[in-house]
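Have a look at the structure below before the remarks.
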Amino acid sequence: SKDPLVLFMPSGKRGRFPIGTPVLEAARKLGVYVESVCGGRATCGRCQVEVQEGNFAKHKIVSSNDHISARGPKEERYDRVRGLPEGRRLSCSAEILGDLVIDVPQDTVVNAQVVRKAATDRVIERNAAVQLCYVEVEEPDMHKPLGDLDRLKAVLEKDWGWKDLLIAPHLIPQVQSILRKGNWGVTAAIHRDMDSSRPFIVGLWPDLKNEAYGIACDIGSTTIAMHLVSLLSGRIVGSSGTSNPQIRFGEDLMSRVSYVMMNPDGREAMTKAVREALNGLIGKVCEEGGVHREDILDMVFVANPIMHHLFLGIDPTELGQAPFALAVSGALQYWAHEIDIDVNRGTRVYMLPCIAGHVGADAAGATLSEGPYRQDKMMLLVDVGTNAEIILGNRERVVAASSPTGPAFEGAEISSGQRAAPGAIERIRIDPVTLEPKFRVIGVDLWSDEEGFEEAAASVGVTGICGSAIIEVVAEMYLSGIISEDGVVDGSLAERSHRIIPNGRTFSYLLRGDGEQRITVTQNDVRAIQLAKAALYAGIKLLMEKQGVEKVDAIRFAGAFGSFIDPKYAMVLGLIPDCDLSEVKAVGNAAGTGALMALLNRGHRREIEQMVKKIEKIETALEGNFQQLFIDAMALPNKVDPFPELAK
Ligand code: FES
């Protein structure tokens, strides 16, 4: 009769194996990634799996606990000493006796908890670049001249299959003492994703070392966000953010480029500032996770092109002017210490590739995360900041562009605009009959027309309007007839509402307060939003024309801005094209999620490297019809394009 059939979940890989084959060995043969540090000695506990009982009709596999060997003495011992969670088995010890369905637990679940509209939870399959390998090295012998390091390499090849091993030079002088300290049992960290493609010993410890960590980091122009992750379990053990200290050299990207151009030491100062901030943030996530920074063995970064260059010590001047030449667009690798990152001496840094001069490694990270190229539907991915990065595509073809939206969406250039912080208005409704507003304020859990609002608001105050609410208020002003489709505040309404107040030759809408404390939306504010949204929409439209589509199937908003705006209002204003509203989603820091994916699975590095080469970059400035698209998009929602979904 046939050998037992084994199915691994969640990968779905399956195969037949002779009775008595260890589950770990079957996984290896099928290319299913199961962690192992001790090399099957039942001491590291990293190879845990679960048997799924039941009848998997589709695969004709009836799995039961009788189809796997009972715990042997080694596994019993591990359970006594370290504890094995209910239902878990050590796959190096458990043997196949019959048909099985084996679940490989995947602990990395990224959910954008920090943003209110959570992205869909996702599981990242693990295949980290760094692997810990425990070996027992042959003791030296007068009759054999082979050096200690050479015998270490030999056993790493014999037990783990590492051929052509290289070693980080700083470890060479330590090899002898570490081997003796561990009584010839040592754990080597092997980095198998080096530029040279040869595996590299990047760390060495006496005895069994059972933990290694990695960092995934998004260097934004305003905020730096970082995750600390166990490379062995995939668990996120610390997450933190800090503001980018380069802000003191210039609020936005272009002012930082100018700072470099004007100051001979400007580039160096900004490089130093961001690296110091990163080292500080590493300290913070390590504290949160109870991790020693020496145990960080791999790092992945994403950043926009200018942050990318400044972090790596490259002059970004060329990015400030056409043709926006990147010094380097491909993925990069460094030793962490080469770029002043204070972690283990053997830690590698991987930087995702940039897509174009304005579409950076952060956009590549977001593309990896949302994967428009993995599906049939036409997906629009937008990350709105001072520049909007726009990616549009599907399995067939992906195009990318950036569009200069300016800082209006972030609340800058808006008379009452402010950052999202306690006291900022975050939601607004306007009664179309009375033109009276009601709103919600960050830090106050009530609408402004609810009882107790004033008392609750007294502690935080009502200080301004945050970026997402500016979208909402302009959309509500349009829906209630306060502004026309051309964005003009209708002064004639002043006769029936005290909310419409003259302001020079134009009119403003009074949202709150009187005298000095007023929060108003001025004609200029409406204009600034129109300009920003027209730039975004025109960029999107250009890409839709390139793709030859009149409608997109799905829209993903990446970044903080997207997390807070209501898709309906974004569409009412014509920020985004017509789309089934249930297919418009905020995905939080997708760039950071992409970095995390590349950290935990080196296969994702190859995936995005290849994808970035295929993405077609469109330079909006060079496209003849961009100007016309921009003018059409000034109207609310648009001069020429219909929005049938809004009518539903
Ligand atoms: Fe280490 Fe199974 S591989 S316990």
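Naming scheme: A, B, ... for chains in displayed order of the structure tokens; residues 1 onward per chain; ligands 1 onward as shown.
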
May I have the residues within 9 Å of Phe643 in chain A as a list in words, using only C-alpha atoms and disregarding those fewer than 3 positions away in the same chain? Met571, Val572, Gly574, Pro577, Asp578, Cys579, Pro637, Asn638, Leu646 and Ala647 of chain A

Strand (DSSP E) positions in range 408-452 of chain A, given as a VMD selection string: chain A and resid 417 to 418 424 to 430 437 to 441

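With the cut-off set to 6 Å and only C-alpha atoms and all ligand atoms counted, the residues surrounding ligand 1 are Ser36, Val37, Cys38, Gly39, Gly40, Arg41, Ala42, Thr43, Cys44, Gly45, Arg46, Cys47, Leu90, Ser91 and Cys92 of chain A.
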
Fewer than 3 positions away in the same chain doesn't count, so skip those; otherwise give me all residues within 8 Å of Leu132 in chain A, counting only C-alpha atoms, as a PDB file with N, CA and C atoms, in the first residue's frame.
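Output file out-v3.pdb is given in full below:
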```pdb
ATOM      1  N   SER A  36      14.150  25.460  13.332  1.00  0.00           N
ATOM      2  CA  SER A  36      14.863  24.498  14.153  1.00  0.00           C
ATOM      3  C   SER A  36      16.194  25.125  14.487  1.00  0.00           C
ATOM      4  N   VAL A  37      16.563  25.126  15.750  1.00  0.00           N
ATOM      5  CA  VAL A  37      17.865  25.676  16.128  1.00  0.00           C
ATOM      6  C   VAL A  37      18.799  24.549  16.555  1.00  0.00           C
ATOM      7  N   THR A 187      26.248  27.715  19.038  1.00  0.00           N
ATOM      8  CA  THR A 187      25.190  28.096  18.106  1.00  0.00           C
ATOM      9  C   THR A 187      25.736  29.161  17.161  1.00  0.00           C
ATOM     10  N   ALA A 188      25.616  28.898  15.887  1.00  0.00           N
ATOM     11  CA  ALA A 188      26.065  29.876  14.884  1.00  0.00           C
ATOM     12  C   ALA A 188      24.837  30.547  14.285  1.00  0.00           C
ATOM     13  N   ALA A 189      24.927  31.853  14.084  1.00  0.00           N
ATOM     14  CA  ALA A 189      23.886  32.546  13.319  1.00  0.00           C
ATOM     15  C   ALA A 189      24.365  32.614  11.885  1.00  0.00           C
ATOM     16  N   ILE A 190      23.561  32.053  10.986  1.00  0.00           N
ATOM     17  CA  ILE A 190      23.937  32.054   9.569  1.00  0.00           C
ATOM     18  C   ILE A 190      23.047  33.041   8.832  1.00  0.00           C
ATOM     19  N   LYS A 209      21.801  28.795  21.735  1.00  0.00           N
ATOM     20  CA  LYS A 209      21.218  30.140  21.768  1.00  0.00           C
ATOM     21  C   LYS A 209      19.880  30.040  21.070  1.00  0.00           C
ATOM     22  N   ASN A 210      18.868  30.454  21.757  1.00  0.00           N
ATOM     23  CA  ASN A 210      17.534  30.122  21.289  1.00  0.00           C
ATOM     24  C   ASN A 210      16.704  31.340  20.908  1.00  0.00           C
ATOM     25  N   ALA A 212      16.686  35.115  18.447  1.00  0.00           N
ATOM     26  CA  ALA A 212      17.305  36.121  17.575  1.00  0.00           C
ATOM     27  C   ALA A 212      16.205  37.078  17.163  1.00  0.00           C
TER      28      ALA A 212
END
```

Using only C-alpha atoms, the shortest atom-to-atom distance to Ser196 in chain A among A:Asp164, A:Asp150, A:Glu211, A:Glu25 belongs to A:Asp164
